[in-house]
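Pasting query_15.txt here (compact mmCIF, C-alpha atoms and all ligand atoms):
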# COMPACT_ATOMS: atom_id res chain seq x y z
CA MET J 4 34.32 -52.10 22.21
CA PHE J 5 35.90 -49.85 24.82
CA ILE J 6 38.97 -51.36 26.52
CA GLU J 7 39.48 -50.02 30.03
CA PRO J 8 42.79 -48.15 30.21
CA ARG J 9 43.43 -49.76 33.60
CA VAL J 10 40.84 -51.47 35.79
CA GLY J 11 43.00 -52.16 38.82
CA THR J 12 46.10 -50.30 39.95
CA GLY J 13 48.06 -53.35 41.05
CA PRO J 14 49.96 -53.55 44.33
CA GLY J 15 51.98 -50.48 45.28
CA VAL J 16 50.85 -48.38 42.31
CA ALA J 17 49.53 -44.89 43.11
CA ARG J 18 45.90 -44.35 42.12
CA ARG J 19 45.34 -41.90 39.26
CA GLY J 20 42.01 -40.52 38.14
CA TRP J 21 40.47 -39.84 34.77
CA ILE J 22 37.09 -39.17 33.14
CA GLU J 23 35.24 -41.44 30.70
CA VAL J 24 32.08 -40.27 28.89
CA VAL J 25 29.54 -42.65 27.34
CA CYS J 26 27.10 -40.69 25.18
CA GLY J 27 24.48 -41.25 22.50
CA SER J 28 20.73 -41.16 21.90
CA MET J 29 18.07 -42.87 23.94
CA PHE J 30 18.11 -46.72 23.63
CA SER J 31 21.75 -46.64 22.42
CA GLY J 32 23.07 -48.75 25.32
CA LYS J 33 24.62 -46.02 27.49
CA THR J 34 23.28 -47.47 30.74
CA GLU J 35 24.18 -51.05 29.76
CA GLU J 36 27.74 -49.90 28.98
CA LEU J 37 27.97 -47.97 32.25
CA ILE J 38 26.79 -51.02 34.22
CA ARG J 39 29.25 -53.27 32.33
CA ARG J 40 32.22 -51.05 33.22
CA LEU J 41 31.12 -50.70 36.85
CA ASN J 42 30.62 -54.44 37.26
CA ARG J 43 34.13 -55.07 35.95
CA ALA J 44 35.51 -52.56 38.45
CA LYS J 45 33.64 -54.42 41.22
CA ILE J 46 35.19 -57.70 40.05
CA ALA J 47 38.58 -55.96 40.42
CA ARG J 48 37.53 -55.31 44.06
CA GLN J 49 37.43 -51.58 43.58
CA ARG J 50 35.21 -49.37 45.70
CA VAL J 51 32.43 -48.27 43.37
CA GLU J 52 29.74 -45.64 43.93
CA ILE J 53 26.95 -44.88 41.45
CA PHE J 54 24.90 -41.68 41.28
CA LYS J 55 21.97 -40.42 39.29
CA PRO J 56 20.00 -37.16 39.38
CA ALA J 57 17.17 -37.39 41.91
CA LEU J 58 14.64 -36.28 39.28
CA ASP J 59 15.11 -39.48 37.24
CA THR J 60 12.56 -41.77 38.85
CA ARG J 61 11.36 -43.53 35.66
CA TYR J 62 12.09 -47.16 36.52
CA HIS J 63 13.23 -47.09 40.13
CA ALA J 64 13.81 -44.51 42.85
CA GLN J 65 17.32 -45.83 43.60
CA ASP J 66 18.54 -48.25 40.98
CA VAL J 67 20.03 -47.32 37.62
CA VAL J 68 18.01 -49.51 35.23
CA SER J 69 18.59 -50.01 31.48
CA HIS J 70 15.85 -50.40 28.86
CA ASN J 71 16.88 -54.06 28.83
CA ALA J 72 16.20 -54.36 32.58
CA THR J 73 19.82 -54.73 33.74
CA SER J 74 20.27 -52.72 36.92
CA ILE J 75 22.70 -51.58 39.58
CA ARG J 76 22.12 -49.91 42.95
CA SER J 77 22.65 -46.15 42.90
CA THR J 78 22.32 -43.06 45.08
CA PRO J 79 20.00 -40.34 43.74
CA VAL J 80 21.45 -36.85 44.34
CA PRO J 81 19.62 -33.51 43.92
CA VAL J 82 22.78 -31.57 42.99
CA ALA J 83 26.16 -32.59 41.58
CA GLN J 84 28.18 -31.20 44.53
CA GLU J 85 26.74 -33.88 46.84
CA MET J 86 28.82 -36.45 44.98
CA LEU J 87 32.04 -34.86 46.27
CA LEU J 88 31.00 -35.66 49.85
CA LEU J 89 29.46 -39.06 49.14
CA ALA J 90 32.26 -40.38 46.92
CA GLY J 91 35.06 -40.02 49.49
CA GLY J 92 37.29 -43.11 49.42
CA CYS J 93 35.88 -44.43 46.14
CA ASP J 94 38.05 -45.82 43.37
CA VAL J 95 35.36 -45.53 40.72
CA VAL J 96 32.34 -43.22 40.43
CA GLY J 97 29.58 -43.91 37.88
CA ILE J 98 27.05 -41.21 36.96
CA ASP J 99 23.96 -41.92 34.83
CA GLU J 100 21.60 -39.44 33.12
CA ALA J 101 24.31 -36.77 33.41
CA GLN J 102 22.44 -34.45 31.02
CA PHE J 103 20.02 -33.58 33.84
CA PHE J 104 22.72 -32.03 36.07
CA ASP J 105 23.74 -28.41 35.64
CA ASP J 106 27.19 -27.23 34.47
CA SER J 107 28.67 -27.63 37.97
CA LEU J 108 28.86 -31.37 37.17
CA VAL J 109 31.93 -30.65 35.03
CA GLU J 110 33.90 -29.19 37.94
CA VAL J 111 32.72 -32.00 40.24
CA CYS J 112 33.98 -34.64 37.78
CA VAL J 113 37.29 -32.79 37.35
CA GLN J 114 37.76 -32.61 41.13
CA LEU J 115 36.96 -36.31 41.54
CA ALA J 116 39.41 -37.26 38.78
CA ASN J 117 42.08 -34.92 40.18
CA ARG J 118 41.87 -36.66 43.54
CA GLY J 119 42.46 -40.05 41.93
CA THR J 120 38.96 -41.31 41.08
CA ARG J 121 38.00 -42.99 37.81
CA VAL J 122 34.80 -41.18 36.77
CA ILE J 123 32.44 -42.81 34.25
CA VAL J 124 29.67 -40.52 33.05
CA ALA J 125 26.76 -41.62 30.86
CA GLY J 126 24.27 -39.24 29.31
CA LEU J 127 22.34 -37.99 26.31
CA ASP J 128 24.52 -35.87 24.05
CA MET J 129 21.48 -34.28 22.33
CA ASP J 130 17.97 -33.33 23.39
CA PHE J 131 14.76 -33.94 21.44
CA LEU J 132 15.56 -30.96 19.18
CA GLY J 133 18.99 -32.33 18.30
CA GLN J 134 20.72 -29.66 20.44
CA PRO J 135 23.63 -30.40 22.83
CA PHE J 136 22.21 -31.39 26.22
CA GLY J 137 23.26 -29.71 29.50
CA PRO J 138 26.83 -30.32 30.69
CA MET J 139 27.50 -33.15 28.19
CA PRO J 140 29.54 -31.18 25.58
CA ALA J 141 31.78 -29.64 28.28
CA LEU J 142 32.25 -33.06 29.90
CA MET J 143 33.36 -34.53 26.58
CA ALA J 144 35.92 -31.73 26.28
CA VAL J 145 37.57 -32.51 29.64
CA ALA J 146 37.26 -36.32 29.42
CA GLU J 147 40.21 -38.57 28.61
CA PHE J 148 37.92 -41.09 26.88
CA VAL J 149 34.68 -40.50 24.96
CA THR J 150 32.56 -43.38 23.62
CA LYS J 151 29.56 -42.65 21.40
CA VAL J 152 27.12 -45.55 21.24
CA HIS J 153 24.25 -45.91 18.76
CA ALA J 154 20.71 -47.24 18.80
CA VAL J 155 18.83 -48.71 15.83
CA CYS J 156 16.54 -46.34 13.90
CA VAL J 157 12.98 -47.59 14.44
CA CYS J 158 11.95 -46.21 11.03
CA CYS J 159 14.64 -47.59 8.70
CA GLY J 160 17.05 -49.77 10.71
CA ASP J 161 20.10 -47.53 10.16
CA ILE J 162 22.22 -46.45 13.15
CA ALA J 163 20.38 -43.91 15.29
CA SER J 164 21.98 -40.88 16.96
CA TYR J 165 18.80 -38.88 17.64
CA SER J 166 15.99 -39.14 20.21
CA PHE J 167 12.80 -38.19 18.39
CA ARG J 168 9.96 -37.06 20.66
CA VAL J 169 6.61 -38.42 19.52
CA THR J 170 4.49 -36.28 21.84
CA ALA J 171 3.68 -32.58 21.43
CA SER J 172 5.48 -31.36 24.61
CA GLU J 173 8.15 -28.69 24.06
CA ASP J 174 9.57 -28.97 27.59
CA LYS J 175 13.28 -29.74 27.57
CA ILE J 176 12.83 -32.25 30.39
CA LEU J 177 10.17 -34.88 29.76
CA LEU J 178 10.88 -38.26 31.33
CA GLY J 179 9.75 -41.16 29.18
CA GLU J 180 10.40 -44.32 27.23
CA THR J 181 8.96 -45.65 23.99
CA ASP J 182 5.73 -43.90 24.98
CA ALA J 183 7.40 -40.55 24.26
CA TYR J 184 10.58 -41.16 22.23
CA GLU J 185 11.94 -43.06 19.24
CA ALA J 186 15.56 -43.70 18.32
CA ARG J 187 16.05 -42.31 14.82
CA CYS J 188 18.85 -41.83 12.28
CA ARG J 189 19.68 -38.35 11.00
CA TYR J 190 17.45 -38.71 7.93
CA CYS J 191 14.37 -40.05 9.74
CA PHE J 192 14.82 -37.49 12.56
CA GLN J 193 14.78 -34.64 10.02
CA GLU J 194 11.75 -36.12 8.27
CA GLY J 195 9.93 -36.30 11.61
CA MET J 196 10.82 -32.70 12.47
CA LYS J 197 9.48 -31.53 9.09
CA GLU J 198 6.28 -33.49 9.71
CA LYS J 199 5.90 -31.87 13.14
CA ALA J 200 6.48 -28.39 11.66
CA THR J 201 3.73 -28.85 9.09
CA GLU J 202 1.30 -30.62 11.43
CA PRO J 203 2.17 -29.20 14.88
CA ALA J 204 -1.20 -29.99 16.42
CA ARG J 205 -1.09 -33.69 15.58
CA THR J 206 0.80 -35.98 17.92
CA VAL J 207 3.16 -38.24 15.97
CA GLN J 208 2.32 -41.81 16.95
CA PRO J 209 5.18 -44.06 18.15
CA ARG J 210 5.99 -46.88 15.76
CA PRO J 211 5.96 -50.42 17.18
CA LEU J 212 9.42 -52.03 17.01
N1 LIG J 301 15.74 -48.65 18.86
C1 LIG J 301 16.55 -49.36 19.67
N2 LIG J 301 17.86 -49.54 19.34
C2 LIG J 301 18.65 -50.30 20.13
N3 LIG J 301 18.26 -50.87 21.30
C3 LIG J 301 16.99 -50.69 21.69
C4 LIG J 301 16.06 -49.96 20.89
N4 LIG J 301 14.87 -49.97 21.53
C5 LIG J 301 15.04 -50.67 22.67
N5 LIG J 301 16.32 -51.11 22.78
C6 LIG J 301 16.84 -51.84 23.95
O1 LIG J 301 17.53 -50.90 24.74
C7 LIG J 301 18.72 -51.50 25.26
C8 LIG J 301 19.69 -50.41 25.67
O2 LIG J 301 19.15 -49.81 26.82
P1 LIG J 301 19.95 -48.73 27.68
O3 LIG J 301 21.33 -49.22 28.01
O4 LIG J 301 19.07 -48.38 28.84
O5 LIG J 301 20.06 -47.50 26.66
P2 LIG J 301 20.24 -45.96 26.98
O6 LIG J 301 20.76 -45.83 28.39
O7 LIG J 301 21.24 -45.46 25.97
O8 LIG J 301 18.90 -45.34 26.80
C9 LIG J 301 19.16 -52.40 24.13
O9 LIG J 301 19.99 -53.46 24.58
C10 LIG J 301 17.84 -52.94 23.62
O10 LIG J 301 17.42 -54.10 24.34
C1 LIG J 302 15.70 -36.57 24.34
C2 LIG J 302 15.22 -36.18 25.70
C3 LIG J 302 15.08 -37.14 26.69
N1 LIG J 302 14.62 -36.80 27.91
C4 LIG J 302 14.47 -37.83 28.96
C5 LIG J 302 13.74 -39.07 28.54
C6 LIG J 302 14.33 -40.13 29.45
O1 LIG J 302 13.61 -40.08 30.69
C7 LIG J 302 15.78 -39.64 29.66
C8 LIG J 302 16.80 -40.34 28.80
O2 LIG J 302 16.94 -41.66 29.22
P1 LIG J 302 17.89 -42.74 28.47
O3 LIG J 302 18.46 -43.54 29.61
O4 LIG J 302 18.94 -42.00 27.71
O5 LIG J 302 17.01 -43.55 27.60
O6 LIG J 302 15.78 -38.25 29.30
C9 LIG J 302 14.33 -35.47 28.21
O7 LIG J 302 13.93 -35.15 29.35
N2 LIG J 302 14.47 -34.52 27.24
C10 LIG J 302 14.90 -34.83 25.99
O8 LIG J 302 15.03 -33.89 25.13
ZN ZN J 303 16.15 -43.97 9.82
What is this structure when it is put down as structure tokens?
Ligand SMILES: Nc1ncnc2c1ncn2[C@@H]1O[C@H](COP(=O)(O)OP(=O)(O)O)[C@@H](O)[C@H]1O
Ligand SMILES: Cc1cn([C@H]2C[C@H](O)[C@@H](COP(=O)(O)O)O2)c(=O)[nH]c1=O
Ligand SMILES: [Zn+2]
Amino acid sequence: MFIEPRVGTGPGVARRGWIEVVCGSMFSGKTEELIRRLNRAKIARQRVEIFKPALDTRYHAQDVVSHNATSIRSTPVPVAQEMLLLAGGCDVVGIDEAQFFDDSLVEVCVQLANRGTRVIVAGLDMDFLGQPFGPMPALMAVAEFVTKVHAVCVCCGDIASYSFRVTASEDKILLGETDAYEARCRYCFQEGMKEKATEPARTVQPRPL
């Protein structure tokens, strides 16, 4: 469990910023962990603002919603720079689905942290091919705290770090849930990729949990 370095500043203490990254595969609990940290900051009466990329409209146009249906109100933004304007006066900024922003997100997070904001970023560390996703690797490099969370492999029950795509699409961005993705461990992910390579035309069917 992640222990916040400092939730409140206490009276008379100057505010200092930093960056936290929560990463992992789909279904690993990134959004739940982000919501948990933001709710604790709200309890500490901090001014909290939550952003997500405008393209992520899976569950709700505005809310950040976990696969377990916990949710928090957020502001969808088309580009990362908008957060610099909208987050003025905030103590804590939460960002979900960070993998969908471009590399300018890194500089935005650094600027927010430099001006005294606690920045909590959640996102997929790897895409459906097992490759680093968008600005996530660079964010991990500049973050003070990095937490990798794990899902449960739907094939064997081991810990899962990979998001296996069960449909034939090769597009990097394909919004979806269990209809399109399975959490898989390294072994079962590799097995699935081999299966796809030998039978590319056949769509791998999702396994019921
Ligand atoms: N294979 C899985 N492994 C773990 N949790 C899963 C799995 N499939 C569904 N879940 C559900 O997903 C929840 C986590 O959802 P969420 O925080 O939205 O994850 P993420 O943001 O990482 O995709 C878990 O609490 C659990 O209820
Ligand atoms: C692996 C992978 C995922 N996506 C999409 C699928 C979902 O809409 C989000 C991830 O959501 P979660 O909160 O982490 O479950 O990303 C994608 O577009 N491309 C991919 O390679
Ligand atoms: Zn497995």
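Put simply, atom CA of Gly20 of chain J is 28.8 Å away from atom C7 of ligand LIG 301 (chain J).
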From the set J:Ser107, J:Ser69, J:Gln134, J:Thr170, which residue has the shortest atom-to-atom contact distance to Lys33 of chain J, counting all atoms listed in the file?
->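 For Lys33 of chain J, the nearest of the given residues is J:Ser69.
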May I ask which of the residues J:Gln84, J:Ser166, J:Gln65, J:Thr78 is the closest one to ligand ZN 303 (chain J), counting only C-alpha atoms and all ligand atoms?
->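 That would be J:Ser166, the residue with the smallest distance to ligand ZN 303 (chain J).
All protein and nucleic acid residues in the vicinity of (12.8, -34.4, 15.7), that is within 7 Å when counting all atoms listed in the file, are Phe131, Leu132, Phe167, Arg168, Phe192, Gln193, Gly195 and Met196 of chain J.
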Step by step, measure atom-to-atom distances between ligand ZN 303 (chain J) and each residue using only C-alpha atoms and all ligand atoms, keep those at most 12 Å, then write them as a ChimeraX atom specification.
-> /J:154-167,185-195
Identify, counting only C-alpha atoms and all ligand atoms, the protein, DNA and RNA residues located within 6 Å of ligand LIG 302 (chain J), and give them as a PyMOL selection string.
-> chain J and resi 29-30+127+130-131+166+175-179
Within 10 Å of file point (25.2, -28.1, 37.4), counting all atoms listed in the file, expressed as number ranges by chain = J: 82-84, 101-111, 137-138
Find, counting all atoms listed in the file, the residue in J:Ala171, J:Ala44, J:Ala64, J:Ala125 that gets nearest to ligand LIG 301 (chain J).
-> J:Ala125
Å distance separating atom CA of Gly119 of chain J from atom CA of Ile38 of chain J, one decimal place =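 Spanning atom CA of Gly119 of chain J to atom CA of Ile38 of chain J is a straight-line distance of 20.6 Å.
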Atom pair atom CA of Gln49 of chain J + atom CA of Asp94 of chain J, distance 5.8 Å
